[in-house]
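model_22.cif (mmCIF, C-alpha atoms) appears below.
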```cif
data_run
#
loop_
_atom_site.group_PDB
_atom_site.id
_atom_site.type_symbol
_atom_site.label_atom_id
_atom_site.label_comp_id
_atom_site.auth_asym_id
_atom_site.auth_seq_id
_atom_site.Cartn_x
_atom_site.Cartn_y
_atom_site.Cartn_z
ATOM 1 C CA MET A 1 15.815 21.107 -7.459
ATOM 2 C CA ASP A 2 14.369 20.305 -10.856
ATOM 3 C CA LYS A 3 11.012 18.792 -9.970
ATOM 4 C CA ARG A 4 10.630 17.463 -13.495
ATOM 5 C CA GLN A 5 13.446 14.996 -12.959
ATOM 6 C CA ASN A 6 12.844 11.348 -13.736
ATOM 7 C CA PHE A 7 12.314 8.925 -10.859
ATOM 8 C CA THR A 8 12.188 5.169 -10.340
ATOM 9 C CA ILE A 9 9.228 2.915 -9.582
ATOM 10 C CA GLN A 10 9.612 -0.424 -7.808
ATOM 11 C CA PRO A 11 6.643 -2.769 -8.427
ATOM 12 C CA ILE A 12 5.021 -4.142 -5.261
ATOM 13 C CA GLY A 13 3.853 -7.369 -6.922
ATOM 14 C CA LEU A 14 2.266 -8.852 -10.017
ATOM 15 C CA ILE A 15 -1.320 -9.011 -11.304
ATOM 16 C CA HIS A 16 -2.595 -12.352 -12.564
ATOM 17 C CA THR A 17 -5.582 -12.536 -14.911
ATOM 18 C CA PRO A 18 -6.924 -14.926 -17.566
ATOM 19 C CA PHE A 19 -5.709 -12.558 -20.330
ATOM 20 C CA THR A 20 -2.392 -13.393 -21.961
ATOM 21 C CA GLU A 21 -3.054 -11.506 -25.196
ATOM 22 C CA VAL A 22 -4.350 -7.972 -25.749
ATOM 23 C CA LYS A 23 -6.974 -9.038 -28.267
ATOM 24 C CA ASN A 24 -10.372 -9.632 -26.626
ATOM 25 C CA THR A 25 -9.389 -8.380 -23.156
ATOM 26 C CA PRO A 26 -12.241 -6.404 -21.592
ATOM 27 C CA ILE A 27 -12.126 -2.632 -22.054
ATOM 28 C CA GLN A 28 -12.358 -1.426 -18.435
ATOM 29 C CA PRO A 29 -13.542 -3.384 -15.339
ATOM 30 C CA PHE A 30 -17.071 -2.325 -16.364
ATOM 31 C CA ALA A 31 -16.833 -4.906 -19.173
ATOM 32 C CA ALA A 32 -15.258 -7.610 -16.969
ATOM 33 C CA LYS A 33 -18.142 -8.639 -14.735
ATOM 34 C CA GLY A 34 -17.480 -12.000 -13.106
ATOM 35 C CA ILE A 35 -13.903 -12.316 -14.417
ATOM 36 C CA ARG A 36 -11.473 -13.146 -11.634
ATOM 37 C CA GLY A 37 -7.773 -12.669 -11.044
ATOM 38 C CA TRP A 38 -5.367 -12.232 -8.146
ATOM 39 C CA LEU A 39 -2.543 -10.071 -6.891
ATOM 40 C CA ASP A 40 0.738 -11.652 -5.833
ATOM 41 C CA ILE A 41 2.181 -9.109 -3.394
ATOM 42 C CA ASP A 42 5.920 -9.200 -2.724
ATOM 43 C CA ASP A 43 6.835 -10.200 0.841
ATOM 44 C CA GLU A 44 8.460 -6.814 1.393
ATOM 45 C CA PHE A 45 5.059 -5.082 1.068
ATOM 46 C CA THR A 46 2.568 -7.626 2.455
ATOM 47 C CA ASP A 47 2.307 -5.926 5.848
ATOM 48 C CA GLY A 48 0.696 -2.945 4.113
ATOM 49 C CA LEU A 49 -2.393 -5.097 3.360
ATOM 50 C CA VAL A 50 -3.666 -4.907 6.954
ATOM 51 C CA ASP A 51 -7.250 -3.495 7.044
ATOM 52 C CA VAL A 52 -7.664 -3.715 3.254
ATOM 53 C CA SER A 53 -10.109 -6.628 3.569
ATOM 54 C CA GLY A 54 -12.818 -4.307 4.944
ATOM 55 C CA PHE A 55 -13.195 -2.673 1.536
ATOM 56 C CA SER A 56 -15.319 -4.158 -1.262
ATOM 57 C CA HIS A 57 -13.466 -2.269 -4.031
ATOM 58 C CA ILE A 58 -9.811 -1.336 -4.461
ATOM 59 C CA THR A 59 -8.112 0.840 -7.048
ATOM 60 C CA LEU A 60 -5.027 -0.695 -8.651
ATOM 61 C CA LEU A 61 -2.220 1.237 -10.278
ATOM 62 C CA TYR A 62 -0.133 -0.834 -12.681
ATOM 63 C CA LEU A 63 2.213 -0.775 -15.649
ATOM 64 C CA PHE A 64 1.023 -1.487 -19.200
ATOM 65 C CA HIS A 65 4.171 -3.583 -19.536
ATOM 66 C CA ARG A 66 3.687 -4.606 -23.173
ATOM 67 C CA ILE A 67 3.687 -1.016 -24.412
ATOM 68 C CA THR A 68 7.079 -0.130 -25.892
ATOM 69 C CA GLU A 69 6.475 3.469 -26.966
ATOM 70 C CA HIS A 70 3.816 6.085 -26.391
ATOM 71 C CA ALA A 71 1.750 8.117 -28.859
ATOM 72 C CA LEU A 72 0.269 11.583 -28.278
ATOM 73 C CA ARG A 73 -2.711 10.870 -30.540
ATOM 74 C CA VAL A 74 -4.507 7.562 -30.911
ATOM 75 C CA VAL A 75 -7.736 6.211 -32.366
ATOM 76 C CA PRO A 76 -9.280 4.820 -29.146
ATOM 77 C CA PHE A 77 -11.318 1.663 -28.854
ATOM 78 C CA MET A 78 -14.976 2.354 -29.709
ATOM 79 C CA ASP A 79 -13.976 5.258 -31.953
ATOM 80 C CA THR A 80 -12.835 5.920 -35.518
ATOM 81 C CA VAL A 81 -11.332 9.370 -34.963
ATOM 82 C CA GLU A 82 -7.873 10.284 -33.651
ATOM 83 C CA ARG A 83 -7.916 11.796 -30.135
ATOM 84 C CA GLY A 84 -5.336 13.342 -27.838
ATOM 85 C CA ILE A 85 -3.980 10.545 -25.614
ATOM 86 C CA PHE A 86 -4.960 12.430 -22.436
ATOM 87 C CA ALA A 87 -8.586 12.461 -23.619
ATOM 88 C CA THR A 88 -8.485 8.648 -23.598
ATOM 89 C CA LYS A 89 -7.615 5.792 -21.262
ATOM 90 C CA ALA A 90 -5.647 4.024 -24.009
ATOM 91 C CA PRO A 91 -2.509 2.206 -22.792
ATOM 92 C CA LYS A 92 -0.145 3.653 -25.413
ATOM 93 C CA ARG A 93 0.414 6.734 -23.218
ATOM 94 C CA PRO A 94 3.347 8.603 -21.684
ATOM 95 C CA ASN A 95 4.495 6.628 -18.614
ATOM 96 C CA ARG A 96 2.110 3.775 -19.638
ATOM 97 C CA LEU A 97 0.369 3.518 -16.266
ATOM 98 C CA GLY A 98 -3.110 2.045 -15.862
ATOM 99 C CA ILE A 99 -5.713 2.610 -13.147
ATOM 100 C CA SER A 100 -8.491 0.032 -12.567
ATOM 101 C CA THR A 101 -10.961 -0.233 -9.703
ATOM 102 C CA VAL A 102 -11.762 -3.898 -9.083
ATOM 103 C CA LYS A 103 -13.874 -5.886 -6.645
ATOM 104 C CA LEU A 104 -12.008 -7.336 -3.680
ATOM 105 C CA LEU A 105 -13.009 -10.931 -2.903
ATOM 106 C CA GLY A 106 -10.548 -11.796 -0.141
ATOM 107 C CA ILE A 107 -6.962 -11.774 1.088
ATOM 108 C CA ILE A 108 -4.933 -14.745 2.312
ATOM 109 C CA GLY A 109 -1.366 -13.886 3.191
ATOM 110 C CA ASN A 110 0.159 -12.120 0.209
ATOM 111 C CA ARG A 111 -2.519 -13.262 -2.234
ATOM 112 C CA VAL A 112 -5.363 -10.823 -2.992
ATOM 113 C CA GLU A 113 -8.334 -12.309 -4.869
ATOM 114 C CA ILE A 114 -10.092 -9.837 -7.171
ATOM 115 C CA GLU A 115 -12.905 -9.670 -9.737
ATOM 116 C CA GLU A 116 -13.704 -7.429 -12.730
ATOM 117 C CA VAL A 117 -10.150 -7.586 -14.039
ATOM 118 C CA ASP A 118 -9.309 -5.857 -17.335
ATOM 119 C CA MET A 119 -5.514 -6.049 -17.315
ATOM 120 C CA LEU A 120 -3.068 -8.461 -18.925
ATOM 121 C CA ASP A 121 -1.634 -11.351 -16.954
ATOM 122 C CA GLY A 122 1.737 -10.434 -15.477
ATOM 123 C CA SER A 123 1.142 -6.686 -15.253
ATOM 124 C CA PRO A 124 3.476 -5.185 -12.626
ATOM 125 C CA LEU A 125 1.452 -3.787 -9.715
ATOM 126 C CA ILE A 126 2.529 -0.342 -8.441
ATOM 127 C CA ASP A 127 -0.010 0.576 -5.762
ATOM 128 C CA ILE A 128 -3.350 -0.335 -4.132
ATOM 129 C CA LYS A 129 -5.731 2.325 -2.795
ATOM 130 C CA PRO A 130 -9.117 1.808 -1.107
ATOM 131 C CA PHE A 131 -12.129 2.956 -3.127
ATOM 132 C CA TYR A 132 -14.312 5.380 -1.211
ATOM 133 C CA PRO A 133 -17.374 6.723 -3.090
ATOM 134 C CA ARG A 134 -17.523 9.952 -1.073
ATOM 135 C CA TYR A 135 -14.080 10.861 -2.451
ATOM 136 C CA ASP A 136 -13.946 8.948 -5.708
ATOM 137 C CA ASN A 137 -17.350 9.145 -7.403
ATOM 138 C CA ARG A 138 -18.352 12.168 -9.471
ATOM 139 C CA GLU A 139 -21.832 13.204 -10.601
ATOM 140 C CA ASN A 140 -22.989 15.779 -13.182
ATOM 141 C CA VAL A 141 -20.054 15.106 -15.454
ATOM 142 C CA LYS A 142 -19.445 16.098 -19.092
ATOM 143 C CA ILE A 143 -17.745 13.307 -21.050
ATOM 144 C CA GLY A 144 -16.589 14.911 -24.292
ATOM 145 C CA TRP A 145 -16.149 12.574 -27.265
ATOM 146 C CA LEU A 146 -17.300 9.600 -25.146
ATOM 147 C CA GLU A 147 -20.855 10.965 -25.157
ATOM 148 C CA LYS A 148 -21.647 9.069 -28.361
ATOM 149 C CA ASN A 149 -20.656 5.808 -26.628
ATOM 150 C CA ARG A 150 -22.975 6.313 -23.664
ATOM 151 C CA ASP A 151 -25.040 3.273 -24.623
ATOM 152 C CA TYR A 152 -22.275 1.202 -26.203
ATOM 153 C CA PRO A 153 -23.167 -2.466 -25.545
ATOM 154 C CA VAL A 154 -20.996 -3.812 -22.748
ATOM 155 C CA GLU A 155 -20.671 -7.214 -24.397
ATOM 156 C CA LYS A 156 -18.863 -5.565 -27.334
ATOM 157 C CA MET A 157 -16.323 -3.791 -25.118
ATOM 158 C CA ARG A 158 -13.340 -5.969 -26.018
ATOM 159 C CA ALA A 159 -9.897 -4.867 -27.172
ATOM 160 C CA ASP A 160 -8.382 -5.478 -30.585
ATOM 161 C CA ASP A 161 -4.668 -5.438 -31.436
ATOM 162 C CA ARG A 162 -4.210 -1.702 -31.886
ATOM 163 C CA PHE A 163 -2.363 -1.173 -28.597
ATOM 164 C CA SER A 164 -0.498 -4.467 -28.445
ATOM 165 C CA LYS A 165 2.942 -2.824 -28.055
ATOM 166 C CA MET S 1 12.014 -11.224 -18.288
ATOM 167 C CA ASP S 2 11.614 -10.290 -14.639
ATOM 168 C CA LYS S 3 8.401 -8.291 -14.699
ATOM 169 C CA ARG S 4 9.087 -7.003 -11.224
ATOM 170 C CA GLN S 5 12.012 -4.953 -12.476
ATOM 171 C CA ASN S 6 12.165 -1.261 -11.646
ATOM 172 C CA PHE S 7 11.293 1.266 -14.337
ATOM 173 C CA THR S 8 11.600 5.001 -14.892
ATOM 174 C CA ILE S 9 8.909 7.669 -14.923
ATOM 175 C CA GLN S 10 9.310 10.954 -16.804
ATOM 176 C CA PRO S 11 6.964 13.687 -15.512
ATOM 177 C CA ILE S 12 4.827 15.345 -18.215
ATOM 178 C CA GLY S 13 4.593 18.669 -16.364
ATOM 179 C CA LEU S 14 4.048 20.332 -12.994
ATOM 180 C CA ILE S 15 0.946 20.979 -10.877
ATOM 181 C CA HIS S 16 0.527 24.457 -9.407
ATOM 182 C CA THR S 17 -1.729 25.014 -6.397
ATOM 183 C CA PRO S 18 -2.001 27.533 -3.530
ATOM 184 C CA PHE S 19 -0.491 24.968 -1.114
ATOM 185 C CA THR S 20 3.215 25.275 -0.368
ATOM 186 C CA GLU S 21 3.110 23.431 2.962
ATOM 187 C CA VAL S 22 1.483 20.119 3.896
ATOM 188 C CA LYS S 23 -0.258 21.500 6.966
ATOM 189 C CA ASN S 24 -3.828 22.610 6.200
ATOM 190 C CA THR S 25 -3.924 21.312 2.629
ATOM 191 C CA PRO S 26 -7.329 19.788 1.841
ATOM 192 C CA ILE S 27 -7.644 16.039 2.336
ATOM 193 C CA GLN S 28 -8.950 14.937 -1.093
ATOM 194 C CA PRO S 29 -10.544 17.105 -3.814
ATOM 195 C CA PHE S 30 -13.831 16.553 -1.950
ATOM 196 C CA ALA S 31 -12.536 19.015 0.674
ATOM 197 C CA ALA S 32 -11.182 21.502 -1.889
ATOM 198 C CA LYS S 33 -14.357 22.989 -3.387
ATOM 199 C CA GLY S 34 -13.631 26.262 -5.169
ATOM 200 C CA ILE S 35 -9.842 26.021 -4.796
ATOM 201 C CA ARG S 36 -8.090 26.547 -8.109
ATOM 202 C CA GLY S 37 -4.762 25.546 -9.588
ATOM 203 C CA TRP S 38 -3.237 24.815 -12.979
ATOM 204 C CA LEU S 39 -1.156 22.284 -14.860
ATOM 205 C CA ASP S 40 1.947 23.389 -16.725
ATOM 206 C CA ILE S 41 2.364 20.705 -19.411
ATOM 207 C CA ASP S 42 5.791 20.273 -20.977
ATOM 208 C CA ASP S 43 5.939 21.184 -24.681
ATOM 209 C CA GLU S 44 6.860 17.619 -25.548
ATOM 210 C CA PHE S 45 3.433 16.398 -24.361
ATOM 211 C CA THR S 46 1.071 19.291 -25.138
ATOM 212 C CA ASP S 47 -0.260 17.726 -28.327
ATOM 213 C CA GLY S 48 -1.811 14.968 -26.185
ATOM 214 C CA LEU S 49 -4.275 17.516 -24.738
ATOM 215 C CA VAL S 50 -6.405 17.581 -27.915
ATOM 216 C CA ASP S 51 -10.069 16.713 -27.087
ATOM 217 C CA VAL S 52 -9.501 16.914 -23.302
ATOM 218 C CA SER S 53 -11.497 20.159 -23.061
ATOM 219 C CA GLY S 54 -14.767 18.307 -23.678
ATOM 220 C CA PHE S 55 -14.521 16.667 -20.263
ATOM 221 C CA SER S 56 -15.650 18.378 -17.049
ATOM 222 C CA HIS S 57 -13.466 16.202 -14.793
ATOM 223 C CA ILE S 58 -9.985 14.737 -15.262
ATOM 224 C CA THR S 59 -8.036 12.281 -13.131
ATOM 225 C CA LEU S 60 -4.455 13.334 -12.371
ATOM 226 C CA LEU S 61 -1.644 10.985 -11.454
ATOM 227 C CA TYR S 62 1.252 12.703 -9.682
ATOM 228 C CA LEU S 63 4.228 12.241 -7.382
ATOM 229 C CA PHE S 64 4.069 13.041 -3.668
ATOM 230 C CA HIS S 65 7.477 14.649 -4.154
ATOM 231 C CA ARG S 66 8.066 15.671 -0.531
ATOM 232 C CA ILE S 67 7.848 12.085 0.740
ATOM 233 C CA THR S 68 11.328 10.701 1.342
ATOM 234 C CA GLU S 69 10.493 7.215 2.602
ATOM 235 C CA HIS S 70 7.427 5.015 2.759
ATOM 236 C CA ALA S 71 5.762 3.259 5.687
ATOM 237 C CA LEU S 72 3.688 0.058 5.557
ATOM 238 C CA ARG S 73 1.513 1.162 8.461
ATOM 239 C CA VAL S 74 0.349 4.686 9.220
ATOM 240 C CA VAL S 75 -2.177 6.457 11.393
ATOM 241 C CA PRO S 76 -4.259 8.111 8.638
ATOM 242 C CA PHE S 77 -5.824 11.550 8.791
ATOM 243 C CA MET S 78 -9.202 11.405 10.557
ATOM 244 C CA ASP S 79 -8.113 8.345 12.536
ATOM 245 C CA THR S 80 -6.230 7.436 15.722
ATOM 246 C CA VAL S 81 -5.434 3.802 14.868
ATOM 247 C CA GLU S 82 -2.587 2.437 12.751
ATOM 248 C CA ARG S 83 -3.715 1.014 9.385
ATOM 249 C CA GLY S 84 -2.017 -0.852 6.561
ATOM 250 C CA ILE S 85 -0.871 1.749 4.011
ATOM 251 C CA PHE S 86 -2.879 0.084 1.198
ATOM 252 C CA ALA S 87 -6.078 0.568 3.256
ATOM 253 C CA THR S 88 -5.417 4.334 3.148
ATOM 254 C CA LYS S 89 -4.751 7.048 0.601
ATOM 255 C CA ALA S 90 -1.924 8.476 2.754
ATOM 256 C CA PRO S 91 1.040 9.851 0.766
ATOM 257 C CA LYS S 92 3.743 8.014 2.726
ATOM 258 C CA ARG S 93 3.291 4.923 0.530
ATOM 259 C CA PRO S 94 5.452 2.688 -1.652
ATOM 260 C CA ASN S 95 6.089 4.513 -4.938
ATOM 261 C CA ARG S 96 4.473 7.670 -3.425
ATOM 262 C CA LEU S 97 1.992 8.239 -6.254
ATOM 263 C CA GLY S 98 -1.218 10.225 -5.813
ATOM 264 C CA ILE S 99 -4.475 10.077 -7.780
ATOM 265 C CA SER S 100 -6.903 13.047 -7.711
ATOM 266 C CA THR S 101 -9.936 13.712 -9.880
ATOM 267 C CA VAL S 102 -10.329 17.473 -10.345
ATOM 268 C CA LYS S 103 -12.680 19.783 -12.228
ATOM 269 C CA LEU S 104 -11.423 21.005 -15.586
ATOM 270 C CA LEU S 105 -12.045 24.717 -16.154
ATOM 271 C CA GLY S 106 -10.248 25.264 -19.442
ATOM 272 C CA ILE S 107 -7.122 24.749 -21.528
ATOM 273 C CA ILE S 108 -5.050 27.420 -23.259
ATOM 274 C CA GLY S 109 -1.963 26.067 -24.997
ATOM 275 C CA ASN S 110 -0.027 24.049 -22.448
ATOM 276 C CA ARG S 111 -1.829 25.528 -19.424
ATOM 277 C CA VAL S 112 -4.716 23.509 -17.953
ATOM 278 C CA GLU S 113 -6.883 25.379 -15.420
ATOM 279 C CA ILE S 114 -8.347 23.138 -12.725
ATOM 280 C CA GLU S 115 -10.430 23.327 -9.539
ATOM 281 C CA GLU S 116 -10.778 21.172 -6.384
ATOM 282 C CA VAL S 117 -7.019 20.784 -5.999
ATOM 283 C CA ASP S 118 -5.643 18.904 -2.990
ATOM 284 C CA MET S 119 -1.985 18.547 -3.961
ATOM 285 C CA LEU S 120 1.100 20.552 -3.054
ATOM 286 C CA ASP S 121 2.403 23.233 -5.354
ATOM 287 C CA GLY S 122 5.135 21.862 -7.600
ATOM 288 C CA SER S 123 3.958 18.246 -7.602
ATOM 289 C CA PRO S 124 5.325 16.471 -10.703
ATOM 290 C CA LEU S 125 2.462 15.424 -13.009
ATOM 291 C CA ILE S 126 2.684 11.890 -14.435
ATOM 292 C CA ASP S 127 -0.552 11.413 -16.379
ATOM 293 C CA ILE S 128 -4.009 12.813 -17.163
ATOM 294 C CA LYS S 129 -7.022 10.561 -17.817
ATOM 295 C CA PRO S 130 -10.602 11.595 -18.622
ATOM 296 C CA PHE S 131 -13.156 10.860 -15.893
ATOM 297 C CA TYR S 132 -16.079 8.807 -17.167
ATOM 298 C CA PRO S 133 -18.764 7.878 -14.584
ATOM 299 C CA ARG S 134 -19.865 4.748 -16.443
ATOM 300 C CA TYR S 135 -16.356 3.323 -15.921
ATOM 301 C CA ASP S 136 -15.127 5.142 -12.830
ATOM 302 C CA ASN S 137 -18.013 5.409 -10.348
ATOM 303 C CA ARG S 138 -18.903 2.536 -8.029
ATOM 304 C CA GLU S 139 -22.109 2.001 -6.046
ATOM 305 C CA ASN S 140 -22.949 -0.434 -3.204
ATOM 306 C CA VAL S 141 -19.473 -0.230 -1.749
ATOM 307 C CA LYS S 142 -18.118 -1.375 1.625
ATOM 308 C CA ILE S 143 -15.611 1.111 3.042
ATOM 309 C CA GLY S 144 -13.922 -0.711 5.930
ATOM 310 C CA TRP S 145 -12.429 1.493 8.656
ATOM 311 C CA LEU S 146 -13.611 4.631 6.836
ATOM 312 C CA GLU S 147 -17.215 3.793 7.753
ATOM 313 C CA LYS S 148 -16.921 5.734 11.001
ATOM 314 C CA ASN S 149 -15.911 8.849 9.014
ATOM 315 C CA ARG S 150 -18.935 8.740 6.737
ATOM 316 C CA ASP S 151 -20.229 12.033 8.104
ATOM 317 C CA TYR S 152 -16.877 13.641 8.930
ATOM 318 C CA PRO S 153 -17.368 17.410 8.481
ATOM 319 C CA VAL S 154 -15.795 18.473 5.186
ATOM 320 C CA GLU S 155 -14.572 21.771 6.655
ATOM 321 C CA LYS S 156 -12.354 19.815 9.069
ATOM 322 C CA MET S 157 -10.746 17.728 6.315
ATOM 323 C CA ARG S 158 -7.347 19.431 6.416
ATOM 324 C CA ALA S 159 -3.912 17.839 6.701
ATOM 325 C CA ASP S 160 -1.526 18.151 9.618
ATOM 326 C CA ASP S 161 2.233 17.569 9.520
ATOM 327 C CA ARG S 162 2.243 13.798 9.916
ATOM 328 C CA PHE S 163 3.106 13.055 6.274
ATOM 329 C CA SER S 164 5.353 16.025 5.601
ATOM 330 C CA LYS S 165 8.309 13.919 4.416
#
```
Rewritten as structure tokens:
Amino acid sequence: MDKRQNFTIQPIGLIHTPFTEVKNTPIQPFAAKGIRGWLDIDDEFTDGLVDVSGFSHITLLYLFHRITEHALRVVPFMDTVERGIFATKAPKRPNRLGISTVKLLGIIGNRVEIEEVDMLDGSPLIDIKPFYPRYDNRENVKIGWLEKNRDYPVEKMRADDRFSK
Amino acid sequence: MDKRQNFTIQPIGLIHTPFTEVKNTPIQPFAAKGIRGWLDIDDEFTDGLVDVSGFSHITLLYLFHRITEHALRVVPFMDTVERGIFATKAPKRPNRLGISTVKLLGIIGNRVEIEEVDMLDGSPLIDIKPFYPRYDNRENVKIGWLEKNRDYPVEKMRADDRFSK
């Protein structure tokens, strides 16, 4: 079996946010304090939400659905130099998948209320995982080219049009 | 456009680890201290690795390729009660995608040496993202049913056969 073979993803729902255009969307949940959205989970998958409400944070996996082709080098937000795509979280990447950990506010039926949303409205949702600091946090980390942005003002962390398709 | 439509993923390479069977693989990188593996990146994508070497930790997105069908409720590792799949990180999930943050040891050409590996040998690699604590860590988190496992001994965090397909 060729393990490199392509495979198919079936979205489990849609993400709804206030952001209908790329320009001025927050760069990362870190820059989206207080901004709310919700997940519309397809009926087929709603039963998988049992026990999720006990968690304060969930990690969402979703498709950057506006991206039409990837690049292997990009000039990331908050930078003026071209970087390898895998050294960035830019959306214009192979397989165009995004990962965002958001705050969970509540679940009613198939509707999951969330906060700290940084994705575009209508993004197809692929998976939800519980955030668990013992597994998911890392300390004593080297951050490469991002080091110079360590104190970048959060209020300026907004997208421009560079990755709009 | 129906944004819920299925889409195709093309792996960017393969993950190599010492683990050829599910049983006794570490549960999470947290339980895989000192265990090394490597990424074999396809030539088509190698140029995207530029600048990655400055980071000490990278987040890998990969396919749980042995899983043949998903479940919406599972009894997770370290538990005896059935939980909704989205309240767990169990592999038997819709779209069967895994996320693991590992230590980066070095990159030579298309070979990426890593440590703290918890995935099976031959897992198709989908994406690499740099780990950045300012964006990716969370504090003051509620962890639902996992609360009772807060002090679970790391040396006992090994898989059994329950999610072998």
message = Near chain A, meaning an atom within 7 Å, which residues of chain S appear when counting only C-alpha atoms? Write them as a VMD selection string.
response = chain S and resid 3 to 11 13 28 30 45 47 to 52 54 to 57 72 to 73 83 to 89 95 124 126 128 to 130 132 to 133 135 137 to 138 141 to 145
task = Name the residues within 8 Å of (-15.1, -6.8, -25.1), counting all atoms listed in the file in the file's coordinates, and put them as a list of chain:residue names.
result =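 Residues found, by chain and rising number: A:Asn24, A:Thr25, A:Pro26, A:Ile27, A:Ala31, A:Val154, A:Glu155, A:Lys156, A:Met157, A:Arg158, A:Ala159.
You will find CA of Arg162 in chain S at 18.8 Å from CA of Asn149 in chain S.
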I need the output of the PyMOL selection byres ((chain A and resi 110) around 8) for this file as a CSV table (one decimal) with C-alpha atoms, in the coordinates of the input; which residues are they?
```
chain,number,residue,atom,x,y,z
A,39,LEU,CA,-2.5,-10.1,-6.9
A,40,ASP,CA,0.7,-11.7,-5.8
A,41,ILE,CA,2.2,-9.1,-3.4
A,42,ASP,CA,5.9,-9.2,-2.7
A,43,ASP,CA,6.8,-10.2,0.8
A,46,THR,CA,2.6,-7.6,2.5
A,107,ILE,CA,-7.0,-11.8,1.1
A,108,ILE,CA,-4.9,-14.7,2.3
A,109,GLY,CA,-1.4,-13.9,3.2
A,111,ARG,CA,-2.5,-13.3,-2.2
A,112,VAL,CA,-5.4,-10.8,-3.0
```
From S:Ser164, S:Asp121, S:Tyr152, S:Ile67, residue lying nearest Thr20 in chain S [all atoms listed in the file] =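 Closest candidate: S:Asp121.
For the atom pair formed by CA of Met78 in chain S and CA of Asp161 in chain S, the distance is 13.0 Å, given to one decimal.
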task = Dig up all the protein and nucleic acid residues within 6 Å of (-13.9, -10.5, -15.5) in the file frame, using all atoms listed in the file, and format them as a list in words.
result = Ala32, Lys33, Gly34, Ile35, Arg36, Glu115, Glu116 and Val117 of chain A
Next, dump the selected residues to file, keeping only C-alpha atoms, as an mmCIF file, keeping the file's coordinate frame.
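Generated file (selection21.cif):
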```
data_model
loop_
_atom_site.group_PDB
_atom_site.id
_atom_site.type_symbol
_atom_site.label_atom_id
_atom_site.label_comp_id
_atom_site.auth_asym_id
_atom_site.auth_seq_id
_atom_site.Cartn_x
_atom_site.Cartn_y
_atom_site.Cartn_z
ATOM 1 C CA ALA A 32 -15.258 -7.610 -16.969
ATOM 2 C CA LYS A 33 -18.142 -8.639 -14.735
ATOM 3 C CA GLY A 34 -17.480 -12.000 -13.106
ATOM 4 C CA ILE A 35 -13.903 -12.316 -14.417
ATOM 5 C CA ARG A 36 -11.473 -13.146 -11.634
ATOM 6 C CA GLU A 115 -12.905 -9.670 -9.737
ATOM 7 C CA GLU A 116 -13.704 -7.429 -12.730
ATOM 8 C CA VAL A 117 -10.150 -7.586 -14.039
#
```
